[in-house]
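File shown: start_36.tsv. Contents: TSV, C-alpha atoms.
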chain	number	residue	atom	x	y	z
A	988	MET	CA	116.32	53.07	45.57
A	989	GLN	CA	116.80	49.47	44.36
A	990	LYS	CA	113.06	49.06	43.68
A	991	GLN	CA	113.05	52.37	41.80
A	992	MET	CA	115.75	51.12	39.45
A	993	ILE	CA	114.03	47.79	38.81
A	994	ASP	CA	110.82	49.58	37.89
A	995	ARG	CA	112.51	51.68	35.22
A	996	PRO	CA	111.48	50.84	31.62
A	997	ARG	CA	113.35	48.15	29.74
A	998	THR	CA	112.65	49.77	26.36
A	999	LEU	CA	111.43	53.16	25.20
A	1000	ARG	CA	111.09	55.38	22.16
A	1001	PHE	CA	112.67	58.81	21.82
A	1002	GLU	CA	111.87	60.77	18.68
A	1003	ASN	CA	113.98	63.86	19.16
A	1004	GLY	CA	114.67	66.58	16.60
A	1005	LEU	CA	114.32	66.43	12.84
A	1006	PRO	CA	115.83	63.70	10.65
A	1007	PRO	CA	118.52	64.82	8.17
A	1008	ALA	CA	118.28	64.21	4.46
A	1009	PRO	CA	118.85	60.47	3.90
A	1010	THR	CA	121.85	59.08	2.07
A	1011	PHE	CA	119.69	57.33	-0.53
A	1012	SER	CA	116.23	57.84	-1.99
A	1013	GLU	CA	113.04	56.30	-0.66
A	1014	GLU	CA	112.93	54.12	-3.79
A	1015	GLU	CA	116.43	52.79	-3.17
A	1016	MET	CA	115.88	51.96	0.50
A	1017	SER	CA	112.50	50.41	-0.26
A	1018	ARG	CA	114.15	48.24	-2.91
A	1019	ARG	CA	116.66	46.94	-0.38
A	1020	SER	CA	114.08	46.01	2.24
A	1021	SER	CA	111.87	44.45	-0.44
A	1022	THR	CA	114.66	42.21	-1.71
A	1023	LEU	CA	115.38	41.11	1.85
A	1024	ARG	CA	111.70	40.32	2.46
A	1025	ILE	CA	111.59	38.27	-0.74
A	1026	GLU	CA	114.60	36.33	0.52
A	1027	LEU	CA	112.96	35.76	3.89
A	1028	ALA	CA	109.73	34.55	2.29
A	1029	SER	CA	111.66	32.14	0.06
A	1030	ARG	CA	113.12	30.54	3.22
A	1031	ASP	CA	109.82	30.55	5.12
A	1032	LEU	CA	111.23	33.04	7.65
A	1033	ASP	CA	108.95	35.35	9.63
A	1034	ALA	CA	111.56	38.04	10.34
A	1035	ALA	CA	115.26	38.89	10.32
A	1036	LEU	CA	117.47	40.13	13.14
A	1037	LEU	CA	120.43	41.96	11.62
A	1038	THR	CA	123.26	42.73	14.03
A	1039	SER	CA	126.34	43.62	11.94
A	1040	MET	CA	127.26	47.22	11.28
A	1041	HIS	CA	127.32	46.61	7.54
A	1042	CYS	CA	123.86	45.04	7.32
A	1043	VAL	CA	122.24	47.53	9.69
A	1044	ASN	CA	123.72	50.34	7.62
A	1045	TYR	CA	122.78	48.76	4.29
A	1046	PHE	CA	119.14	48.19	5.15
A	1047	ALA	CA	118.52	51.06	7.60
A	1048	ASP	CA	121.04	53.80	6.63
A	1049	PHE	CA	122.29	53.84	10.23
A	1050	VAL	CA	125.92	53.34	11.25
A	1051	TYR	CA	125.98	52.50	14.94
A	1052	THR	CA	128.82	53.00	17.40
A	1053	ALA	CA	128.87	49.88	19.54
A	1054	PHE	CA	131.28	50.75	22.38
A	1055	GLY	CA	130.58	47.29	23.81
A	1056	ARG	CA	126.79	47.46	23.49
A	1057	ASN	CA	124.50	45.49	21.20
A	1058	TYR	CA	122.69	47.03	18.23
A	1059	GLY	CA	120.39	45.55	15.63
A	1060	CYS	CA	117.70	45.91	13.03
A	1061	VAL	CA	114.55	43.76	12.93
A	1062	VAL	CA	112.87	43.36	9.56
A	1063	THR	CA	109.38	41.81	9.38
A	1064	PRO	CA	106.97	41.66	6.42
A	1065	THR	CA	105.60	45.09	7.40
A	1066	ARG	CA	108.23	46.89	9.50
A	1067	LEU	CA	111.91	47.78	9.66
A	1068	THR	CA	113.04	48.85	13.12
A	1069	THR	CA	116.50	49.55	14.49
A	1070	ILE	CA	117.43	48.71	18.09
A	1071	SER	CA	119.81	51.08	19.84
A	1072	ALA	CA	121.15	51.85	23.31
A	1073	ASN	CA	119.74	54.70	25.36
A	1074	ILE	CA	123.17	56.34	25.51
A	1075	ASP	CA	122.72	57.48	21.87
A	1076	GLY	CA	119.55	59.49	22.50
A	1077	GLY	CA	117.53	60.33	19.41
A	1078	GLN	CA	120.36	60.03	16.88
A	1079	PRO	CA	119.54	56.44	15.82
A	1080	TRP	CA	115.90	57.42	15.29
A	1081	ARG	CA	116.94	60.41	13.20
A	1082	GLN	CA	119.29	58.31	11.06
A	1083	THR	CA	117.11	55.22	10.58
A	1084	TYR	CA	115.35	54.82	7.26
A	1085	GLY	CA	111.65	55.19	8.05
A	1086	GLN	CA	112.34	56.55	11.57
A	1087	ASP	CA	111.27	53.40	13.40
A	1088	ASN	CA	113.66	52.89	16.30
A	1089	LEU	CA	113.36	51.09	19.63
A	1090	ILE	CA	115.73	51.98	22.47
A	1091	TYR	CA	116.76	49.60	25.23
A	1092	THR	CA	117.91	50.93	28.58
A	1093	ASP	CA	120.70	49.97	30.98
A	1094	TRP	CA	118.43	49.68	34.01
A	1095	GLN	CA	118.26	45.89	33.76
A	1096	LYS	CA	120.67	43.33	32.34
A	1097	ASP	CA	120.27	42.18	28.70
A	1098	ASN	CA	117.47	44.57	27.80
A	1099	PHE	CA	118.63	44.31	24.17
A	1100	PHE	CA	117.16	40.82	24.00
A	1101	VAL	CA	113.90	42.12	25.49
A	1102	ALA	CA	113.76	44.63	22.64
A	1103	VAL	CA	114.35	41.85	20.11
A	1104	GLY	CA	111.46	39.88	21.59
A	1105	ASP	CA	109.18	42.91	21.47
A	1106	LEU	CA	109.88	43.40	17.77
A	1107	ILE	CA	109.77	39.85	16.44
A	1108	GLY	CA	106.55	39.13	18.33
A	1109	ALA	CA	105.12	35.70	17.54
A	1110	ALA	CA	107.71	34.90	14.84
A	1111	LYS	CA	108.81	31.28	14.88
A	1112	ARG	CA	111.61	31.28	12.29
A	1113	VAL	CA	113.99	34.25	12.28
A	1114	GLY	CA	117.05	34.95	10.16
A	1115	ILE	CA	120.32	35.93	11.86
A	1116	GLU	CA	123.89	36.72	10.82
A	1117	SER	CA	125.88	33.78	12.14
A	1118	ASP	CA	129.13	35.30	10.90
A	1119	HIS	CA	128.62	38.24	13.24
A	1120	LEU	CA	126.58	37.03	16.21
A	1121	SER	CA	128.83	35.95	19.08
A	1122	LEU	CA	128.32	32.61	20.81
A	1123	GLN	CA	127.44	34.45	24.01
A	1124	ASN	CA	124.75	36.54	22.34
A	1125	PHE	CA	123.37	33.54	20.46
A	1126	ASP	CA	123.01	31.72	23.78
A	1127	LYS	CA	121.19	34.73	25.21
A	1128	LEU	CA	118.85	34.84	22.23
A	1129	GLN	CA	117.99	31.19	22.71
A	1130	GLN	CA	117.38	31.69	26.42
A	1131	ALA	CA	115.25	34.81	25.92
A	1132	LEU	CA	113.25	33.35	23.00
A	1133	PRO	CA	113.33	29.54	23.36
A	1134	ASP	CA	110.49	28.90	20.90
A	1135	VAL	CA	112.24	30.63	17.97
A	1136	GLU	CA	114.22	28.75	15.33
A	1137	TRP	CA	117.24	30.81	14.28
A	1138	VAL	CA	118.40	30.47	10.66
A	1139	ASP	CA	121.62	31.86	9.23
A	1140	ILE	CA	121.10	34.39	6.41
A	1141	SER	CA	124.57	35.98	6.39
A	1142	ALA	CA	125.51	34.58	2.97
A	1143	ALA	CA	122.19	35.68	1.48
A	1144	THR	CA	122.50	39.26	2.77
A	1145	MET	CA	126.06	39.38	1.45
A	1146	GLN	CA	124.81	38.45	-2.00
A	1147	LEU	CA	122.29	41.30	-1.87
A	1148	ARG	CA	125.00	43.81	-0.91
A	1149	MET	CA	127.46	42.62	-3.57
A	1150	ARG	CA	125.40	44.00	-6.45
A	1151	LYS	CA	125.28	47.79	-6.38
A	1152	SER	CA	122.46	50.11	-7.44
A	1153	SER	CA	122.96	53.22	-9.56
A	1154	GLU	CA	122.71	55.37	-6.43
A	1155	GLU	CA	125.39	53.34	-4.68
A	1156	LEU	CA	127.65	53.55	-7.72
A	1157	ALA	CA	127.26	57.34	-7.80
A	1158	LEU	CA	128.30	57.57	-4.14
A	1159	ILE	CA	131.26	55.22	-4.67
A	1160	ARG	CA	132.48	57.29	-7.63
A	1161	GLU	CA	132.46	60.41	-5.49
A	1162	GLY	CA	134.24	58.61	-2.69
A	1163	ALA	CA	136.97	57.46	-5.07
A	1164	ARG	CA	137.41	61.06	-6.24
A	1165	VAL	CA	137.79	62.19	-2.63
A	1166	CYS	CA	140.46	59.52	-2.10
A	1167	ASP	CA	142.36	60.89	-5.09
A	1168	LEU	CA	142.28	64.35	-3.49
A	1169	GLY	CA	143.58	62.82	-0.29
A	1170	GLY	CA	146.40	61.19	-2.25
A	1171	ALA	CA	147.41	64.54	-3.70
A	1172	ALA	CA	147.42	65.97	-0.17
A	1173	VAL	CA	149.72	63.15	0.98
A	1174	VAL	CA	152.21	63.97	-1.78
A	1175	GLU	CA	151.95	67.65	-0.89
A	1176	ALA	CA	152.91	66.99	2.74
A	1177	ILE	CA	155.73	64.48	2.18
A	1178	ALA	CA	159.25	65.69	2.99
A	1179	PRO	CA	162.30	64.39	4.84
A	1180	GLY	CA	161.88	64.76	8.59
A	1181	VAL	CA	158.05	64.88	8.50
A	1182	PRO	CA	156.41	62.20	10.71
A	1183	GLU	CA	153.96	59.76	9.16
A	1184	PHE	CA	151.08	61.06	11.29
A	1185	GLU	CA	151.57	64.67	10.17
A	1186	VAL	CA	151.22	63.65	6.52
A	1187	ALA	CA	148.06	61.73	7.39
A	1188	LEU	CA	146.54	64.67	9.28
A	1189	HIS	CA	146.85	66.87	6.21
A	1190	ALA	CA	145.20	64.26	3.96
A	1191	ASN	CA	142.41	63.64	6.46
A	1192	GLN	CA	141.53	67.34	6.61
A	1193	THR	CA	141.44	67.52	2.82
A	1194	MET	CA	139.11	64.54	2.47
A	1195	ILE	CA	136.78	65.39	5.34
A	1196	ARG	CA	136.28	68.94	4.08
A	1197	GLU	CA	135.48	67.65	0.59
A	1198	ILE	CA	133.01	65.08	1.95
A	1199	ALA	CA	131.33	67.83	3.98
A	1200	ARG	CA	131.06	69.99	0.86
A	1201	CYS	CA	129.64	67.26	-1.39
A	1202	PHE	CA	127.51	65.44	1.19
A	1203	PRO	CA	126.33	68.22	3.54
A	1204	HIS	CA	123.73	66.01	5.29
A	1205	THR	CA	125.97	63.03	6.07
A	1206	GLU	CA	127.63	62.25	9.37
A	1207	LEU	CA	131.39	62.75	9.21
A	1208	MET	CA	132.67	59.43	10.52
A	1209	ASP	CA	135.79	57.34	10.14
A	1210	THR	CA	137.62	58.83	7.13
A	1211	TRP	CA	141.31	58.08	7.66
A	1212	THR	CA	144.79	57.91	6.14
A	1213	TRP	CA	147.70	55.53	6.61
A	1214	LEU	CA	151.06	56.82	5.42
A	1215	GLN	CA	153.52	53.99	6.01
A	1216	SER	CA	157.27	54.35	5.56
A	1217	GLY	CA	160.30	52.07	5.56
A	1218	VAL	CA	159.72	48.84	7.46
A	1219	ASN	CA	156.18	50.02	8.28
A	1220	THR	CA	155.22	49.27	4.67
A	1221	ASP	CA	155.47	45.50	5.26
A	1222	GLY	CA	151.78	45.25	6.21
A	1223	ALA	CA	148.87	46.67	4.26
A	1224	HIS	CA	147.00	47.61	7.45
A	1225	ASN	CA	149.85	48.87	9.58
A	1226	PRO	CA	148.81	51.92	11.64
A	1227	LEU	CA	150.44	55.33	11.66
A	1228	THR	CA	153.60	55.86	13.67
A	1229	THR	CA	155.74	58.79	14.73
A	1230	ARG	CA	158.55	57.68	12.40
A	1231	LYS	CA	160.05	60.56	10.43
A	1232	LEU	CA	160.41	60.18	6.68
A	1233	GLU	CA	163.91	59.80	5.25
A	1234	THR	CA	165.33	60.33	1.78
A	1235	GLY	CA	165.19	57.06	-0.17
A	1236	ASP	CA	162.28	55.69	1.88
A	1237	ILE	CA	159.73	53.38	0.34
A	1238	LEU	CA	156.28	54.75	1.24
A	1239	SER	CA	152.74	53.37	1.13
A	1240	LEU	CA	150.06	55.96	0.50
A	1241	ASN	CA	146.61	54.88	1.75
A	1242	THR	CA	143.64	57.25	1.78
A	1243	PHE	CA	140.19	56.05	2.82
A	1244	ALA	CA	137.10	58.19	2.34
A	1245	MET	CA	134.08	57.08	4.38
A	1246	VAL	CA	130.69	58.42	3.26
A	1247	SER	CA	127.66	57.23	5.26
A	1248	GLY	CA	129.41	53.97	6.08
A	1249	TYR	CA	130.59	53.41	2.49
A	1250	TYR	CA	134.29	52.74	2.07
A	1251	GLN	CA	136.50	53.91	-0.78
A	1252	ALA	CA	140.27	53.61	-1.01
A	1253	LEU	CA	143.38	54.71	-2.86
A	1254	GLU	CA	146.72	52.94	-2.27
A	1255	ARG	CA	150.02	53.66	-3.95
A	1256	THR	CA	153.72	52.86	-3.64
A	1257	LEU	CA	155.91	55.98	-3.47
A	1258	PHE	CA	159.58	56.68	-2.93
A	1259	LEU	CA	161.00	59.81	-1.35
A	1260	ASP	CA	163.48	61.63	-3.64
A	1261	ARG	CA	165.13	58.50	-5.10
A	1262	CYS	CA	164.58	54.79	-5.73
A	1263	ASP	CA	167.48	52.33	-5.73
A	1264	PRO	CA	167.81	49.83	-8.63
A	1265	ALA	CA	166.67	46.75	-6.66
A	1266	SER	CA	163.57	48.54	-5.41
A	1267	LEU	CA	162.83	49.91	-8.86
A	1268	ALA	CA	162.89	46.43	-10.40
A	1269	LEU	CA	160.47	45.08	-7.78
A	1270	TRP	CA	158.16	48.08	-8.12
A	1271	GLN	CA	158.02	47.66	-11.90
A	1272	ILE	CA	157.11	43.98	-11.58
A	1273	ASN	CA	154.31	44.80	-9.14
A	1274	CYS	CA	153.04	47.46	-11.55
A	1275	GLU	CA	153.08	44.83	-14.32
A	1276	VAL	CA	150.88	42.61	-12.18
A	1277	HIS	CA	148.60	45.56	-11.45
A	1278	ARG	CA	148.19	46.45	-15.14
A	1279	ARG	CA	147.43	42.85	-16.06
A	1280	GLY	CA	144.92	42.61	-13.24
A	1281	LEU	CA	143.11	45.70	-14.49
A	1282	GLU	CA	142.83	44.03	-17.91
A	1283	LEU	CA	141.44	40.79	-16.49
A	1284	ILE	CA	138.57	42.30	-14.50
A	1285	LYS	CA	135.47	41.98	-16.67
A	1286	PRO	CA	132.05	40.28	-16.52
A	1287	GLY	CA	132.00	36.51	-16.84
A	1288	VAL	CA	135.44	35.95	-15.32
A	1289	ARG	CA	135.85	33.96	-12.10
A	1290	CYS	CA	137.69	35.56	-9.19
A	1291	CYS	CA	139.92	32.51	-8.77
A	1292	ASP	CA	141.01	32.59	-12.40
A	1293	ILE	CA	142.21	36.19	-12.08
A	1294	ALA	CA	144.23	35.24	-9.00
A	1295	LYS	CA	145.81	32.26	-10.73
A	1296	ALA	CA	146.75	34.29	-13.81
A	1297	LEU	CA	148.44	36.97	-11.71
A	1298	ASN	CA	150.26	34.35	-9.66
A	1299	GLU	CA	152.02	33.29	-12.86
A	1300	ILE	CA	153.66	36.72	-13.25
A	1301	TYR	CA	154.96	36.69	-9.70
A	1302	ALA	CA	156.11	33.08	-10.09
A	1303	ALA	CA	158.00	33.87	-13.29
A	1304	ASN	CA	159.93	36.50	-11.33
A	1305	ASP	CA	160.50	34.30	-8.24
A	1306	LEU	CA	158.29	36.58	-6.15
A	1307	LEU	CA	155.17	34.49	-5.49
A	1308	GLU	CA	156.32	33.64	-1.94
A	1309	TYR	CA	156.29	37.36	-1.12
A	1310	ARG	CA	152.64	37.88	-2.03
A	1311	THR	CA	150.77	38.53	1.23
A	1312	PHE	CA	147.00	38.49	0.46
A	1313	GLY	CA	144.43	38.29	-2.33
A	1314	TYR	CA	144.39	40.60	-5.33
A	1315	GLY	CA	141.24	42.59	-4.54
A	1316	HIS	CA	137.92	42.77	-2.72
A	1317	SER	CA	134.41	44.13	-2.94
A	1318	PHE	CA	133.33	47.64	-1.97
A	1319	GLY	CA	130.24	49.09	-0.35
A	1320	THR	CA	129.27	49.42	3.29
A	1321	LEU	CA	132.43	48.34	5.06
A	1322	SER	CA	135.34	49.77	7.01
A	1323	HIS	CA	138.54	48.68	8.71
A	1324	TYR	CA	136.52	47.49	11.70
A	1325	TYR	CA	133.36	46.12	10.10
A	1326	GLY	CA	132.08	44.54	6.94
A	1327	ARG	CA	133.53	42.13	4.41
A	1328	GLU	CA	131.93	40.61	1.33
A	1329	ALA	CA	134.07	37.48	1.36
A	1330	GLY	CA	132.23	36.06	-1.64
A	1331	LEU	CA	133.74	38.74	-3.87
A	1332	GLU	CA	137.50	38.58	-3.37
A	1333	LEU	CA	140.19	37.88	-5.95
A	1334	ARG	CA	141.59	34.74	-4.34
A	1335	GLU	CA	142.29	31.21	-5.49
A	1336	ASP	CA	139.47	29.80	-3.35
A	1337	VAL	CA	136.70	32.16	-4.55
A	1338	GLU	CA	134.79	30.95	-7.61
A	1339	THR	CA	132.35	33.87	-7.86
A	1340	VAL	CA	131.77	35.01	-11.44
A	1341	LEU	CA	132.07	38.77	-11.91
A	1342	GLU	CA	128.84	40.51	-12.94
A	1343	PRO	CA	127.82	44.03	-13.95
A	1344	THR	CA	127.20	46.37	-10.96
A	1345	MET	CA	129.77	44.59	-8.80
A	1346	VAL	CA	132.58	46.82	-7.51
A	1347	ILE	CA	136.01	45.40	-6.83
A	1348	SER	CA	139.58	46.50	-6.30
A	1349	MET	CA	142.77	45.47	-8.01
A	1350	GLU	CA	145.52	45.63	-5.39
A	1351	PRO	CA	148.53	43.36	-5.82
A	1352	MET	CA	151.13	43.47	-3.04
A	1353	ILE	CA	154.47	41.89	-2.39
A	1354	MET	CA	156.49	42.27	0.80
A	1355	ILE	CA	160.27	41.89	0.75
A	1356	PRO	CA	161.71	41.28	4.25
A	1357	GLU	CA	164.35	43.51	5.84
A	1358	GLY	CA	167.90	42.56	4.89
A	1359	LEU	CA	167.03	41.68	1.29
A	1360	PRO	CA	167.59	44.06	-1.65
A	1361	GLY	CA	164.55	46.27	-2.17
A	1362	ALA	CA	163.08	45.55	1.28
A	1363	GLY	CA	159.57	46.88	1.90
A	1364	GLY	CA	155.97	46.49	0.80
A	1365	TYR	CA	154.87	47.32	-2.76
A	1366	ARG	CA	151.16	47.84	-3.40
A	1367	GLU	CA	148.91	49.58	-5.92
A	1368	HIS	CA	145.13	49.84	-5.57
A	1369	ASP	CA	142.39	50.92	-7.98
A	1370	ILE	CA	138.59	50.63	-7.74
A	1371	LEU	CA	136.69	49.16	-10.69
A	1372	ILE	CA	132.97	49.12	-11.44
A	1373	ILE	CA	132.04	46.14	-13.60
A	1374	ASP	CA	129.64	46.85	-16.45
A	1375	LYS	CA	128.31	44.80	-19.35
A	1376	HIS	CA	131.23	45.76	-21.59
A	1377	GLY	CA	134.14	45.42	-19.15
A	1378	ALA	CA	135.08	47.51	-16.15
A	1379	GLU	CA	135.30	51.22	-15.40
A	1380	ASN	CA	138.35	52.24	-13.40
A	1381	ILE	CA	137.19	55.11	-11.17
A	1382	THR	CA	140.62	55.70	-9.58
A	1383	ARG	CA	142.45	58.54	-11.32
A	1384	PHE	CA	145.63	58.88	-9.24
A	1385	PRO	CA	148.63	57.72	-11.33
A	1386	PHE	CA	150.80	54.78	-10.31
A	1387	GLY	CA	154.32	53.62	-11.00
A	1388	PRO	CA	157.89	54.96	-10.83
A	1389	GLU	CA	157.38	57.51	-13.58
A	1390	HIS	CA	154.85	59.31	-11.39
A	1391	ASN	CA	155.50	58.53	-7.75
A	1392	ILE	CA	159.13	59.19	-6.93
A	1393	VAL	CA	158.30	62.27	-4.89
A	1394	THR	CA	160.78	65.11	-4.79
A	1395	ALA	CA	160.32	67.23	-1.70
Please express the file's structure as structure tokens.
Amino acid sequence: MQKQMIDRPRTLRFENGLPPAPTFSEEEMSRRSSTLRIELASRDLDAALLTSMHCVNYFADFVYTAFGRNYGCVVTPTRLTTISANIDGGQPWRQTYGQDNLIYTDWQKDNFFVAVGDLIGAAKRVGIESDHLSLQNFDKLQQALPDVEWVDISAATMQLRMRKSSEELALIREGARVCDLGGAAVVEAIAPGVPEFEVALHANQTMIREIARCFPHTELMDTWTWLQSGVNTDGAHNPLTTRKLETGDILSLNTFAMVSGYYQALERTLFLDRCDPASLALWQINCEVHRRGLELIKPGVRCCDIAKALNEIYAANDLLEYRTFGYGHSFGTLSHYYGREAGLELREDVETVLEPTMVISMEPMIMIPEGLPGAGGYREHDILIIDKHGAENITRFPFGPEHNIVTA
């Protein structure tokens, strides 16, 4: 029996079923791989090994589910091939742009690295994502392929993803619209005594059904809602709880539509039935920051300068110490567990100049600790597409006290 297992194949191909309609056109996907190959050639690299979910999705239109296994995409001057685990069957082949997929099996240890070697062949210099590759896996790569020089290309691939095509912008606009529908569903479900998770379930159903209607060939993965209430609003990424909503609660509405690995978001501060004077004053200041931030986003402006300008409003109101994170971030292929275009964030340490076709959020937040007047987290969030004239705000859901004191 032991010999039988050792003799099993280390890699295989399984082309099963018919591929669905792709997310993007052949021209769009070809453009992406071409720009990557130009980047590789400029660095005298023979191939690239992409391992992050965001890069594999961006270049191959495949969102993998790791579950502790390794996945990747090898790009050479003539081929683009995804690497997947045998547990997924033919789904990675069906989803991969160009339908070139190599499977590694579990019959022997570290067969993923065997698959990498098969695909890069005689390559001597290969690009990798150092911001994603673990130390353990980098050691295994070096042991499996000792003659290869590994070169970090994570910053370069991020730059490619930061500038969106017309097809990407069309998808992002639709995703933002779906988030707005999810926001309306949140408001519809809010009432005293309703648990946070019940409100989120209603919004999730609304968004997923709309995604299925508008994108009938996409996989329905990862769309989610966070409805935070009371003290749970103190963190922007706090998960759902079983807490029941109470009259006078501060609420954070967060709806996230995921379409083929592309993330869109809507975030709003709400109050249930009434808003006390201290909370109202804080909310209005945060909305002032939000409005000013929307005005500042335009081509030619540095991210750091927007952050510094908005800091002045908080500082003038003695609230700067309660700001918890940057004022916005890039959009595209990312999620709450993968992806981040750190070069396009509205923070004091980011000097990137905004350009047309970039997509960025404006999302100021302050968090007032328990025991202080107006305790809770205040946050608004819109998505903006930068164009040559300024920026297009594609979020339609209203913000501010005049709209979002919800009467059940």
If we count all atoms listed in the file, what is near Ala1252 in chain A at a cut-off of 9 Å, once residues fewer than 4 positions away on the same chain are taken out, given as JSON, numbers by chain? {"A": [1162, 1163, 1166, 1167, 1241, 1242, 1243, 1244, 1245, 1348, 1368, 1369, 1370, 1382]}
Counting only C-alpha atoms, which of A:Ile1070, A:Trp1094, A:Tyr1301, A:Pro1006 gets nearest to Asp994 in chain A? A:Trp1094
Closest of A:Asp1093, A:Glu1389, A:Asp1260, A:Glu1338 to Leu999 in chain A - atom-to-atom distances counting only C-alpha atoms: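 With only C-alpha atoms as the atom set, the closest residue is A:Asp1093.
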How many Å separate CA of Val1174 in chain A from CA of Leu1240 in chain A? 8.6 Å
Non-local contacts of range 1114-1118 of chain A (8 Å; all atoms listed in the file; under 2 positions in same chain excluded) as number ranges by chain: A: 1027, 1032, 1034-1039, 1112, 1120-1121, 1137-1141
Proximity to Tyr1365 in chain A - best of A:Lys1151, A:His1224, A:His1189, A:Arg1310, all atoms listed in the file: A:Arg1310
Using only C-alpha atoms, which protein or nucleic acid residues come within 12 Å of Gln1146 in chain A? Drop anything in the same chain fewer than 3 positions from it, and give the result as a list in words.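 After dropping sequence-adjacent residues, the list is Arg1019, Thr1022, Leu1023, Glu1026, Cys1042, Ile1140, Ser1141, Ala1142, Ala1143, Met1149, Arg1150, Lys1151, Ser1317, Arg1327, Glu1328, Ala1329, Gly1330, Leu1331, Thr1339, Glu1342 and Met1345 of chain A.
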Write the selection just made, keeping C-alpha atoms, as a PDB file, in the coordinates of the input?
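Result file follows (out_12.pdb):
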ATOM      1  CA  ARG A1019     116.660  46.940  -0.380  1.00  0.00           C
ATOM      2  CA  THR A1022     114.660  42.210  -1.710  1.00  0.00           C
ATOM      3  CA  LEU A1023     115.380  41.110   1.850  1.00  0.00           C
ATOM      4  CA  GLU A1026     114.600  36.330   0.520  1.00  0.00           C
ATOM      5  CA  CYS A1042     123.860  45.040   7.320  1.00  0.00           C
ATOM      6  CA  ILE A1140     121.100  34.390   6.410  1.00  0.00           C
ATOM      7  CA  SER A1141     124.570  35.980   6.390  1.00  0.00           C
ATOM      8  CA  ALA A1142     125.510  34.580   2.970  1.00  0.00           C
ATOM      9  CA  ALA A1143     122.190  35.680   1.480  1.00  0.00           C
ATOM     10  CA  MET A1149     127.460  42.620  -3.570  1.00  0.00           C
ATOM     11  CA  ARG A1150     125.400  44.000  -6.450  1.00  0.00           C
ATOM     12  CA  LYS A1151     125.280  47.790  -6.380  1.00  0.00           C
ATOM     13  CA  SER A1317     134.410  44.130  -2.940  1.00  0.00           C
ATOM     14  CA  ARG A1327     133.530  42.130   4.410  1.00  0.00           C
ATOM     15  CA  GLU A1328     131.930  40.610   1.330  1.00  0.00           C
ATOM     16  CA  ALA A1329     134.070  37.480   1.360  1.00  0.00           C
ATOM     17  CA  GLY A1330     132.230  36.060  -1.640  1.00  0.00           C
ATOM     18  CA  LEU A1331     133.740  38.740  -3.870  1.00  0.00           C
ATOM     19  CA  THR A1339     132.350  33.870  -7.860  1.00  0.00           C
ATOM     20  CA  GLU A1342     128.840  40.510 -12.940  1.00  0.00           C
ATOM     21  CA  MET A1345     129.770  44.590  -8.800  1.00  0.00           C
TER      22      MET A1345
END
Range 1136-1215 of chain A residues near range 1013-1017 of chain A within 12 Å, closest pair each, using all atoms listed in the file, as a Markdown table:
| residue | atom | partner | partner_atom | distance |
| --- | --- | --- | --- | --- |
| A:Lys1151 | CA | A:Glu1015 | CA | 10.7 |
| A:Ser1152 | CA | A:Glu1015 | CA | 7.9 |
| A:Ser1153 | CA | A:Glu1015 | CA | 9.1 |
| A:Glu1154 | CA | A:Glu1015 | CA | 7.5 |
| A:Glu1155 | CA | A:Glu1015 | CA | 9.1 |
Could you check the closest approach to Gly1076 in chain A for each of A:Arg1000, A:Arg1018, A:Phe1046, A:Val1101 and tell me which residue wins, using only C-alpha atoms?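 Ranked by minimum distance to Gly1076 in chain A, first place goes to A:Arg1000.
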Protein and nucleic acid residues near (113.1, 61.9, 17.5) (cut-off 7 Å, only C-alpha atoms) as a PyMOL selection string: chain A and resi 1001-1005+1077+1080-1081
With distances taken over all atoms listed in the file, the candidate from A:Ala1362, A:Ile1025, A:Val1288, A:Val1103 nearest Thr1144 in chain A is A:Ile1025
With a distance cut-off of 8 Å and all atoms listed in the file, select the neighbouring residues of Ser1247 in chain A, excluding the residue or stretch itself and same-chain residues fewer than 2 positions from it, and output the selection as a ChimeraX atom specification. /A:1010,1048,1050,1205-1208,1245,1249
Write the residues you've just listed into a file as an mmCIF file, in the frame of the given file, and include C-alpha atoms for each of them.
data_model
loop_
_atom_site.group_PDB
_atom_site.id
_atom_site.type_symbol
_atom_site.label_atom_id
_atom_site.label_comp_id
_atom_site.auth_asym_id
_atom_site.auth_seq_id
_atom_site.Cartn_x
_atom_site.Cartn_y
_atom_site.Cartn_z
ATOM 1 C CA THR A 1010 121.850 59.080 2.070
ATOM 2 C CA ASP A 1048 121.040 53.800 6.630
ATOM 3 C CA VAL A 1050 125.920 53.340 11.250
ATOM 4 C CA THR A 1205 125.970 63.030 6.070
ATOM 5 C CA GLU A 1206 127.630 62.250 9.370
ATOM 6 C CA LEU A 1207 131.390 62.750 9.210
ATOM 7 C CA MET A 1208 132.670 59.430 10.520
ATOM 8 C CA MET A 1245 134.080 57.080 4.380
ATOM 9 C CA TYR A 1249 130.590 53.410 2.490
#
Counting only C-alpha atoms, the residue of A:Asn1044, A:Ser1071, A:Asn1304, A:Asn1098 that sits nearest Lys1127 in chain A: A:Asn1098
Skipping near chain neighbours, those fewer than 5 positions away, what residues fall within 12 Å of Phe1054 in chain A using all atoms listed in the file, listed as a list in words? Ser1071, Ala1072, Ile1074 and Asp1075 of chain A
Expressed in Å to a single decimal, how great is the separation between CA of Phe1125 in chain A and CA of Asn1073 in chain A? 22.0 Å
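Polymer residues near (153.5, 52.4, -6.0): counting all atoms listed in the file with a cut-off of 9 Å, they are Ile1237, Leu1238, Ser1239, Leu1240, Glu1254, Arg1255, Thr1256, Leu1257, Phe1258, Trp1270, Gln1271, Asn1273, Cys1274, Tyr1365, Arg1366, Glu1367, His1368, Pro1385, Phe1386, Gly1387, Pro1388, His1390, Asn1391 and Ile1392 of chain A.
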